[in-house]
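*Asks:* This one is target10.tsv, TSV, C-alpha atoms.
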chain	number	residue	atom	x	y	z
A	24	MET	CA	103.93	63.13	100.36
A	25	THR	CA	106.89	65.45	100.59
A	26	LEU	CA	106.47	69.06	99.46
A	27	VAL	CA	109.51	71.16	98.64
A	28	SER	CA	109.22	74.91	99.13
A	29	PRO	CA	110.47	77.06	96.27
A	30	ALA	CA	111.96	79.49	98.82
A	31	SER	CA	113.46	79.21	102.29
A	32	GLY	CA	111.53	80.59	105.23
A	33	VAL	CA	109.26	79.78	108.15
A	34	VAL	CA	106.01	77.83	107.82
A	35	LEU	CA	103.28	80.20	109.02
A	36	ASP	CA	100.21	78.16	108.15
A	37	VAL	CA	99.28	74.65	107.04
A	38	SER	CA	95.71	74.60	105.76
A	39	ALA	CA	95.70	70.98	104.60
A	40	ALA	CA	94.79	68.06	106.82
A	41	PRO	CA	96.08	64.48	106.57
A	42	GLY	CA	93.96	62.56	104.05
A	43	GLU	CA	92.43	65.72	102.57
A	44	PHE	CA	91.98	65.73	98.80
A	45	SER	CA	92.77	68.99	97.05
A	46	LYS	CA	92.94	69.92	93.40
A	47	SER	CA	95.29	72.88	93.21
A	48	LEU	CA	93.76	74.25	90.00
A	49	GLU	CA	90.25	74.32	91.48
A	50	SER	CA	91.14	75.70	94.92
A	51	ALA	CA	92.38	79.23	95.52
A	52	ASN	CA	93.53	78.35	99.05
A	53	PRO	CA	97.24	77.59	99.54
A	54	LEU	CA	98.15	74.30	101.22
A	55	ILE	CA	101.08	75.83	103.12
A	56	THR	CA	102.14	79.45	103.72
A	57	VAL	CA	105.90	80.01	103.93
A	58	ALA	CA	107.39	83.43	104.72
A	59	ASP	CA	110.90	84.84	104.74
A	60	LEU	CA	111.10	86.64	108.10
A	61	ASN	CA	114.56	88.16	107.58
A	62	THR	CA	112.68	91.41	106.88
A	63	VAL	CA	109.25	92.06	108.42
A	64	TRP	CA	106.65	94.63	107.53
A	65	ILE	CA	105.24	96.70	110.35
A	66	VAL	CA	101.87	98.06	109.22
A	67	GLY	CA	100.09	100.85	111.06
A	68	ASP	CA	97.20	103.28	110.79
A	69	VAL	CA	97.59	107.06	110.66
A	70	TYR	CA	94.55	109.17	111.52
A	71	GLU	CA	93.34	111.44	108.74
A	72	LYS	CA	94.21	114.57	110.73
A	73	ASP	CA	97.86	113.41	110.89
A	74	VAL	CA	98.36	112.36	107.26
A	75	ALA	CA	100.22	115.58	106.39
A	76	LYS	CA	102.81	114.77	109.08
A	77	VAL	CA	103.93	111.45	107.54
A	78	GLY	CA	105.60	110.68	104.26
A	79	GLN	CA	107.65	108.07	102.47
A	80	GLY	CA	111.18	107.94	103.86
A	81	LYS	CA	110.22	109.59	107.18
A	82	GLN	CA	112.14	108.10	110.13
A	83	VAL	CA	110.10	106.15	112.68
A	84	THR	CA	110.62	104.32	115.95
A	85	VAL	CA	108.81	101.01	116.47
A	86	THR	CA	108.07	99.53	119.90
A	87	LEU	CA	106.40	96.16	120.45
A	88	GLN	CA	104.32	94.94	123.38
A	89	ALA	CA	106.30	91.70	123.37
A	90	TYR	CA	109.57	93.54	124.10
A	91	PRO	CA	108.91	96.40	126.55
A	92	GLY	CA	111.69	98.96	126.73
A	93	GLN	CA	113.16	97.98	123.34
A	94	GLN	CA	112.77	99.87	120.11
A	95	TRP	CA	113.68	99.55	116.46
A	96	THR	CA	114.39	102.39	114.03
A	97	GLY	CA	113.25	102.37	110.43
A	98	HIS	CA	111.70	104.47	107.68
A	99	ILE	CA	108.23	104.57	106.16
A	100	ASP	CA	108.61	102.74	102.87
A	101	SER	CA	105.01	102.79	101.70
A	102	LEU	CA	101.77	104.72	102.21
A	103	SER	CA	98.36	103.50	101.12
A	104	GLY	CA	96.79	105.29	98.17
A	105	ALA	CA	93.44	105.79	99.94
A	106	LEU	CA	91.95	106.21	103.41
A	107	ASP	CA	89.99	103.39	104.98
A	108	PRO	CA	86.43	104.79	104.84
A	109	THR	CA	85.39	103.07	108.07
A	110	THR	CA	88.28	104.03	110.35
A	111	ARG	CA	89.30	107.22	108.48
A	112	THR	CA	92.93	106.09	108.65
A	113	LEU	CA	95.74	105.67	106.13
A	114	LYS	CA	97.89	102.52	106.17
A	115	VAL	CA	101.66	103.00	106.43
A	116	ARG	CA	104.31	100.31	106.13
A	117	VAL	CA	107.77	100.11	107.69
A	118	ALA	CA	110.18	97.34	106.65
A	119	LEU	CA	112.52	96.28	109.47
A	120	PRO	CA	115.49	93.91	109.29
A	121	ASN	CA	114.88	90.86	111.48
A	122	PRO	CA	118.19	88.93	111.54
A	123	ASP	CA	117.49	87.24	114.89
A	124	GLN	CA	113.86	86.35	113.96
A	125	ARG	CA	112.50	88.03	117.13
A	126	LEU	CA	109.88	90.03	115.25
A	127	LYS	CA	106.89	87.78	114.51
A	128	PRO	CA	103.86	88.26	112.28
A	129	GLU	CA	100.77	89.67	114.06
A	130	MET	CA	102.66	91.22	117.01
A	131	PHE	CA	101.13	94.42	118.39
A	132	GLY	CA	103.15	97.58	118.69
A	133	THR	CA	103.40	101.30	118.07
A	134	ILE	CA	104.95	103.25	115.24
A	135	ARG	CA	106.11	106.71	116.34
A	136	VAL	CA	106.82	109.36	113.74
A	137	GLU	CA	108.80	112.46	114.67
A	138	ALA	CA	106.46	115.05	113.20
A	139	GLY	CA	108.49	118.05	114.29
A	140	ALA	CA	107.91	120.46	117.09
A	141	HIS	CA	106.38	123.87	117.40
A	142	GLN	CA	106.40	126.29	120.29
A	143	ALA	CA	103.11	126.69	122.08
A	144	LEU	CA	101.69	127.92	125.35
A	145	VAL	CA	100.36	124.86	127.19
A	146	VAL	CA	98.49	124.00	130.39
A	147	PRO	CA	97.56	120.70	132.05
A	148	ALA	CA	94.22	119.30	130.85
A	149	ALA	CA	92.94	119.52	134.47
A	150	ALA	CA	93.17	123.33	134.25
A	151	ILE	CA	90.60	123.48	131.44
A	152	ILE	CA	86.93	124.08	132.27
A	153	ARG	CA	84.34	123.59	129.53
A	154	GLU	CA	80.95	125.20	129.94
A	155	GLY	CA	78.65	125.04	126.92
A	156	ASN	CA	80.68	126.30	123.98
A	157	ARG	CA	83.10	128.23	126.22
A	158	THR	CA	86.50	127.03	127.40
A	159	MET	CA	88.03	128.69	130.46
A	160	VAL	CA	90.94	128.62	132.89
A	161	PHE	CA	91.55	130.37	136.19
A	162	VAL	CA	94.52	132.74	136.32
A	163	LYS	CA	96.06	134.27	139.45
A	164	SER	CA	95.46	138.02	139.27
A	165	ALA	CA	96.28	140.35	142.18
A	166	GLY	CA	96.40	137.31	144.46
A	167	ARG	CA	92.88	136.18	143.50
A	168	PRO	CA	91.63	133.71	140.89
A	169	GLU	CA	90.31	135.33	137.70
A	170	GLN	CA	88.30	133.39	135.14
A	171	ARG	CA	89.57	133.72	131.52
A	172	THR	CA	88.10	132.46	128.28
A	173	VAL	CA	90.71	130.68	126.15
A	174	THR	CA	90.90	129.05	122.73
A	175	VAL	CA	92.47	125.61	122.83
A	176	GLY	CA	94.45	123.74	120.20
A	177	GLN	CA	95.86	120.22	120.27
A	178	THR	CA	95.88	117.94	123.31
A	179	VAL	CA	98.86	115.60	123.69
A	180	ASP	CA	99.50	113.37	126.70
A	181	GLY	CA	97.32	115.42	129.08
A	182	ILE	CA	98.74	118.78	127.99
A	183	VAL	CA	96.51	121.27	126.14
A	184	GLU	CA	97.75	123.94	123.74
A	185	ILE	CA	96.33	127.43	124.43
A	186	ARG	CA	96.02	129.52	121.27
A	187	THR	CA	94.45	132.66	122.72
A	188	GLY	CA	93.50	134.03	126.14
A	189	LEU	CA	96.77	133.56	128.04
A	190	ARG	CA	100.22	135.11	128.01
A	191	ALA	CA	103.53	133.51	128.89
A	192	GLY	CA	104.06	133.86	132.64
A	193	ASP	CA	100.36	133.76	133.60
A	194	GLU	CA	99.86	131.52	136.65
A	195	VAL	CA	97.07	129.04	135.95
A	196	ALA	CA	95.22	126.87	138.48
A	197	ALA	CA	96.46	123.48	137.33
A	198	GLU	CA	94.36	121.45	139.79
A	199	GLY	CA	91.01	122.13	141.40
A	200	ALA	CA	89.93	124.62	138.73
A	201	LYS	CA	86.36	123.29	138.87
A	202	LEU	CA	86.27	124.00	142.61
A	203	LEU	CA	87.11	127.65	141.91
A	204	LYS	CA	84.21	127.81	139.44
A	205	GLY	CA	81.76	126.33	141.92
A	206	GLY	CA	78.98	123.96	140.98
A	207	PRO	CA	79.28	120.23	140.23
A	208	THR	CA	82.77	118.76	139.96
A	209	ASP	CA	81.68	115.61	138.06
Taking this structure as input, can you express it in the form of C-alpha coordinates?

*Replies:*
Amino acid sequence: MTLVSPASGVVLDVSAAPGEFSKSLESANPLITVADLNTVWIVGDVYEKDVAKVGQGKQVTVTLQAYPGQQWTGHIDSLSGALDPTTRTLKVRVALPNPDQRLKPEMFGTIRVEAGAHQALVVPAAAIIREGNRTMVFVKSAGRPEQRTVTVGQTVDGIVEIRTGLRAGDEVAAEGAKLLKGGPTD
(Lines of atoms letter the chains of each structure in order from A and count residues from 1; the text may use other names and numbers.)
(Lines give C-alpha, C1' and ligand atoms only; values in the text may rest on other atoms or scores of the structure.)
Protein backbone atom coordinates (compact mmCIF):
# COMPACT_ATOMS: atom_id res chain seq x y z
CA MET A 1 0.00 0.00 0.00
CA THR A 2 1.27 3.45 -0.82
CA LEU A 3 0.90 6.19 1.80
CA VAL A 4 1.12 9.83 0.78
CA SER A 5 2.36 12.29 3.38
CA PRO A 6 0.32 15.46 3.79
CA ALA A 7 3.56 17.45 4.16
CA SER A 8 7.10 17.17 2.82
CA GLY A 9 9.88 16.17 5.18
CA VAL A 10 12.10 13.37 6.41
CA VAL A 11 10.77 10.04 7.69
CA LEU A 12 11.96 9.80 11.30
CA ASP A 13 10.13 6.66 12.39
CA VAL A 14 8.13 3.81 10.88
CA SER A 15 6.25 1.96 13.62
CA ALA A 16 4.34 -0.40 11.33
CA ALA A 17 5.66 -3.75 10.17
CA PRO A 18 4.86 -5.55 6.91
CA GLY A 19 1.65 -7.54 7.34
CA GLU A 20 0.66 -5.71 10.53
CA PHE A 21 -3.04 -4.91 10.89
CA SER A 22 -3.86 -1.52 12.36
CA LYS A 23 -7.12 0.31 12.82
CA SER A 24 -6.23 3.99 12.88
CA LEU A 25 -9.29 4.98 14.94
CA GLU A 26 -8.47 2.48 17.70
CA SER A 27 -4.71 3.07 17.88
CA ALA A 28 -3.13 6.27 19.16
CA ASN A 29 0.26 5.32 17.70
CA PRO A 30 1.22 6.87 14.34
CA LEU A 31 2.27 4.51 11.55
CA ILE A 32 4.95 6.89 10.25
CA THR A 33 6.51 10.05 11.72
CA VAL A 34 7.50 12.69 9.17
CA ALA A 35 9.28 15.91 10.18
CA ASP A 36 10.23 19.09 8.36
CA LEU A 37 13.89 19.59 9.34
CA ASN A 38 14.34 22.97 7.63
CA THR A 39 14.05 24.43 11.15
CA VAL A 40 15.07 22.39 14.20
CA TRP A 41 14.31 22.96 17.85
CA ILE A 42 17.23 22.84 20.25
CA VAL A 43 15.84 22.12 23.72
CA GLY A 44 17.91 22.58 26.86
CA ASP A 45 17.68 22.70 30.63
CA VAL A 46 18.45 25.77 32.73
CA TYR A 47 19.20 25.24 36.42
CA GLU A 48 16.83 26.98 38.80
CA LYS A 49 19.58 29.26 40.11
CA ASP A 50 20.13 30.58 36.55
CA VAL A 51 16.50 31.13 35.50
CA ALA A 52 16.70 34.90 36.11
CA LYS A 53 19.56 35.11 33.58
CA VAL A 54 17.56 33.77 30.62
CA GLY A 55 14.54 35.15 28.84
CA GLN A 56 12.61 34.96 25.61
CA GLY A 57 14.54 36.63 22.79
CA LYS A 58 17.92 36.33 24.58
CA GLN A 59 20.75 35.55 22.13
CA VAL A 60 22.41 32.14 22.47
CA THR A 61 25.23 30.18 20.89
CA VAL A 62 24.68 26.48 20.20
CA THR A 63 27.52 23.96 19.83
CA LEU A 64 27.00 20.29 18.97
CA GLN A 65 29.17 17.29 19.80
CA ALA A 66 28.80 16.09 16.22
CA TYR A 67 30.48 19.24 14.85
CA PRO A 68 33.34 20.26 17.17
CA GLY A 69 34.58 23.80 16.64
CA GLN A 70 31.38 24.93 14.89
CA GLN A 71 28.63 27.01 16.40
CA TRP A 72 25.21 28.36 15.51
CA THR A 73 23.64 31.58 16.77
CA GLY A 74 19.97 31.90 17.65
CA HIS A 75 17.53 33.28 20.18
CA ILE A 76 15.47 31.68 22.94
CA ASP A 77 11.99 31.49 21.49
CA SER A 78 10.24 29.66 24.31
CA LEU A 79 10.58 28.98 28.04
CA SER A 80 8.65 26.31 29.90
CA GLY A 81 5.94 27.51 32.25
CA ALA A 82 7.16 25.34 35.16
CA LEU A 83 10.31 23.76 36.57
CA ASP A 84 10.85 20.04 36.29
CA PRO A 85 10.39 18.95 39.94
CA THR A 86 12.92 16.12 39.64
CA THR A 87 15.84 17.95 38.00
CA ARG A 88 14.93 21.46 39.25
CA THR A 89 15.48 22.79 35.72
CA LEU A 90 13.47 24.90 33.29
CA LYS A 91 13.19 23.86 29.63
CA VAL A 92 14.22 26.44 27.02
CA ARG A 93 13.82 26.14 23.27
CA VAL A 94 15.87 27.66 20.46
CA ALA A 95 14.69 27.37 16.83
CA LEU A 96 17.58 27.21 14.35
CA PRO A 97 17.41 27.31 10.55
CA ASN A 98 18.73 24.06 9.08
CA PRO A 99 18.95 24.63 5.30
CA ASP A 100 21.66 22.00 4.75
CA GLN A 101 19.94 19.39 7.00
CA ARG A 102 23.11 18.92 9.12
CA LEU A 103 21.27 19.33 12.41
CA LYS A 104 19.54 16.06 13.30
CA PRO A 105 16.97 15.19 15.95
CA GLU A 106 18.44 13.85 19.23
CA MET A 107 21.95 15.32 18.75
CA PHE A 108 23.71 16.37 21.96
CA GLY A 109 25.05 19.86 22.39
CA THR A 110 25.32 22.94 24.56
CA ILE A 111 23.31 26.14 24.61
CA ARG A 112 25.33 29.09 25.90
CA VAL A 113 23.55 32.22 27.03
CA GLU A 114 25.48 35.47 27.48
CA ALA A 115 24.23 36.38 30.92
CA GLY A 116 26.29 39.52 31.26
CA ALA A 117 29.41 40.17 33.23
CA HIS A 118 30.19 41.67 36.57
CA GLN A 119 33.50 42.66 38.08
CA ALA A 120 34.72 40.45 40.87
CA LEU A 121 37.87 39.57 42.74
CA VAL A 122 38.72 35.97 41.83
CA VAL A 123 41.28 33.29 42.71
CA PRO A 124 41.97 29.81 41.33
CA ALA A 125 39.92 27.08 43.04
CA ALA A 126 43.21 25.43 44.16
CA ALA A 127 43.88 28.46 46.39
CA ILE A 128 40.77 27.80 48.49
CA ILE A 129 41.04 25.78 51.70
CA ARG A 130 37.84 24.62 53.40
CA GLU A 131 37.99 23.63 57.04
CA GLY A 132 34.66 22.97 58.73
CA ASN A 133 32.48 25.97 57.96
CA ARG A 134 35.48 28.24 57.31
CA THR A 135 36.94 29.09 53.92
CA MET A 136 40.52 30.37 53.78
CA VAL A 137 43.35 31.41 51.48
CA PHE A 138 47.01 32.14 52.11
CA VAL A 139 48.18 35.67 51.31
CA LYS A 140 51.80 36.85 51.08
CA SER A 141 52.35 39.31 53.92
CA ALA A 142 55.80 40.72 54.76
CA GLY A 143 57.33 37.90 52.73
CA ARG A 144 55.55 35.19 54.74
CA PRO A 145 52.27 33.33 54.14
CA GLU A 146 49.33 34.63 56.20
CA GLN A 147 46.09 32.70 56.53
CA ARG A 148 42.92 34.74 55.77
CA THR A 149 39.27 33.83 56.12
CA VAL A 150 37.30 34.70 52.98
CA THR A 151 33.69 34.58 51.81
CA VAL A 152 33.31 32.96 48.41
CA GLY A 153 30.73 33.52 45.70
CA GLN A 154 30.27 31.75 42.39
CA THR A 155 32.68 29.22 40.91
CA VAL A 156 33.06 29.18 37.13
CA ASP A 157 35.57 27.07 35.20
CA GLY A 158 37.91 26.59 38.18
CA ILE A 159 37.86 30.26 39.22
CA VAL A 160 36.25 31.27 42.52
CA GLU A 161 34.75 34.67 43.27
CA ILE A 162 35.93 36.20 46.57
CA ARG A 163 33.31 38.46 48.15
CA THR A 164 35.12 39.42 51.36
CA GLY A 165 38.53 38.89 52.95
CA LEU A 166 40.83 39.99 50.12
CA ARG A 167 41.75 43.25 48.43
CA ALA A 168 42.84 43.83 44.85
CA GLY A 169 46.60 43.35 44.66
CA ASP A 170 46.84 40.75 47.45
CA GLU A 171 49.18 37.93 46.41
CA VAL A 172 47.47 34.58 46.99
CA ALA A 173 49.09 31.13 47.04
CA ALA A 174 47.46 29.70 43.93
CA GLU A 175 48.99 26.23 44.26
CA GLY A 176 50.09 24.23 47.28
CA ALA A 177 47.89 26.18 49.71
CA LYS A 178 47.10 22.97 51.62
CA LEU A 179 50.83 22.39 52.13
CA LEU A 180 51.11 25.80 53.80
CA LYS A 181 48.26 24.85 56.15
CA GLY A 182 49.88 21.56 57.10
CA GLY A 183 47.96 18.38 57.75
CA PRO A 184 46.47 16.02 55.15
CA THR A 185 46.51 17.13 51.52
CA ASP A 186 43.79 14.67 50.37

*Asks:* Within 9 Å of (102.2, 99.4, 107.0), in the coordinates the file gives, what residues turn up when you count only C-alpha atoms, written out as a tab-separated table (two decimals) with C-alpha atoms, keeping the file's coordinate frame?

*Replies:*
chain	number	residue	atom	x	y	z
A	64	TRP	CA	106.65	94.63	107.53
A	65	ILE	CA	105.24	96.70	110.35
A	66	VAL	CA	101.87	98.06	109.22
A	67	GLY	CA	100.09	100.85	111.06
A	68	ASP	CA	97.20	103.28	110.79
A	99	ILE	CA	108.23	104.57	106.16
A	100	ASP	CA	108.61	102.74	102.87
A	101	SER	CA	105.01	102.79	101.70
A	102	LEU	CA	101.77	104.72	102.21
A	103	SER	CA	98.36	103.50	101.12
A	114	LYS	CA	97.89	102.52	106.17
A	115	VAL	CA	101.66	103.00	106.43
A	116	ARG	CA	104.31	100.31	106.13
A	117	VAL	CA	107.77	100.11	107.69
A	118	ALA	CA	110.18	97.34	106.65

*Asks:* With all atoms listed in the file as the atoms that count, which of A:Trp95, A:Asn52, A:Gln82, A:Ala75 lies nearest to A:Leu126?

*Replies:* A:Trp95

*Asks:* So the first atom is atom CA of A:Val146 and the second is atom CA of A:Gly181; what is the distance between them in Å, to one decimal place?

*Replies:*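 Here the two named atoms are 8.8 Å from each other.
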
*Asks:* At a cut-off of 12 Å, using all atoms listed in the file, what residues contact A:Gly139? Leave out same-chain residues fewer than 3 positions from it and give the result as an mmCIF file with C-alpha atoms, keeping the file's coordinate frame.

*Replies:*
data_model
loop_
_atom_site.group_PDB
_atom_site.id
_atom_site.type_symbol
_atom_site.label_atom_id
_atom_site.label_comp_id
_atom_site.auth_asym_id
_atom_site.auth_seq_id
_atom_site.Cartn_x
_atom_site.Cartn_y
_atom_site.Cartn_z
ATOM 1 C CA ALA A 75 100.220 115.580 106.390
ATOM 2 C CA LYS A 76 102.810 114.770 109.080
ATOM 3 C CA VAL A 77 103.930 111.450 107.540
ATOM 4 C CA LYS A 81 110.220 109.590 107.180
ATOM 5 C CA GLN A 82 112.140 108.100 110.130
ATOM 6 C CA ARG A 135 106.110 106.710 116.340
ATOM 7 C CA VAL A 136 106.820 109.360 113.740
ATOM 8 C CA GLN A 142 106.400 126.290 120.290
#

*Asks:* Atom CA of A:Tyr70 and atom CA of A:Pro108, how far apart in Å?

*Replies:*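 Going from atom CA of A:Pro108 over to atom CA of A:Tyr70, I get 11.4 Å.
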
*Asks:* Mind giving me the straight-line distance from atom CA of A:Pro128 to atom CA of A:Val74 in Å, one decimal?

*Replies:*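 Going from atom CA of A:Pro128 over to atom CA of A:Val74, I get 25.2 Å.
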
*Asks:* I'd like to know which of A:Ala30, A:Phe131, A:Ala143, A:Gln88 is closest to A:Ala191, using all atoms listed in the file.

*Replies:*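 The shortest atom-to-atom distance to A:Ala191 comes from A:Ala143.
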
*Asks:* Counting all atoms listed in the file, figure out which residue out of A:Gly97, A:Gly104, A:Pro120, A:Pro29 gets nearest to A:Leu60.

*Replies:* A:Pro120

*Asks:* If we count only C-alpha atoms and set the cut-off at 7 Å, which residues sit around A:Thr174, ignoring sequence neighbours fewer than 5 positions away in its own chain? Please answer as a count of residues only.

*Replies:* 5
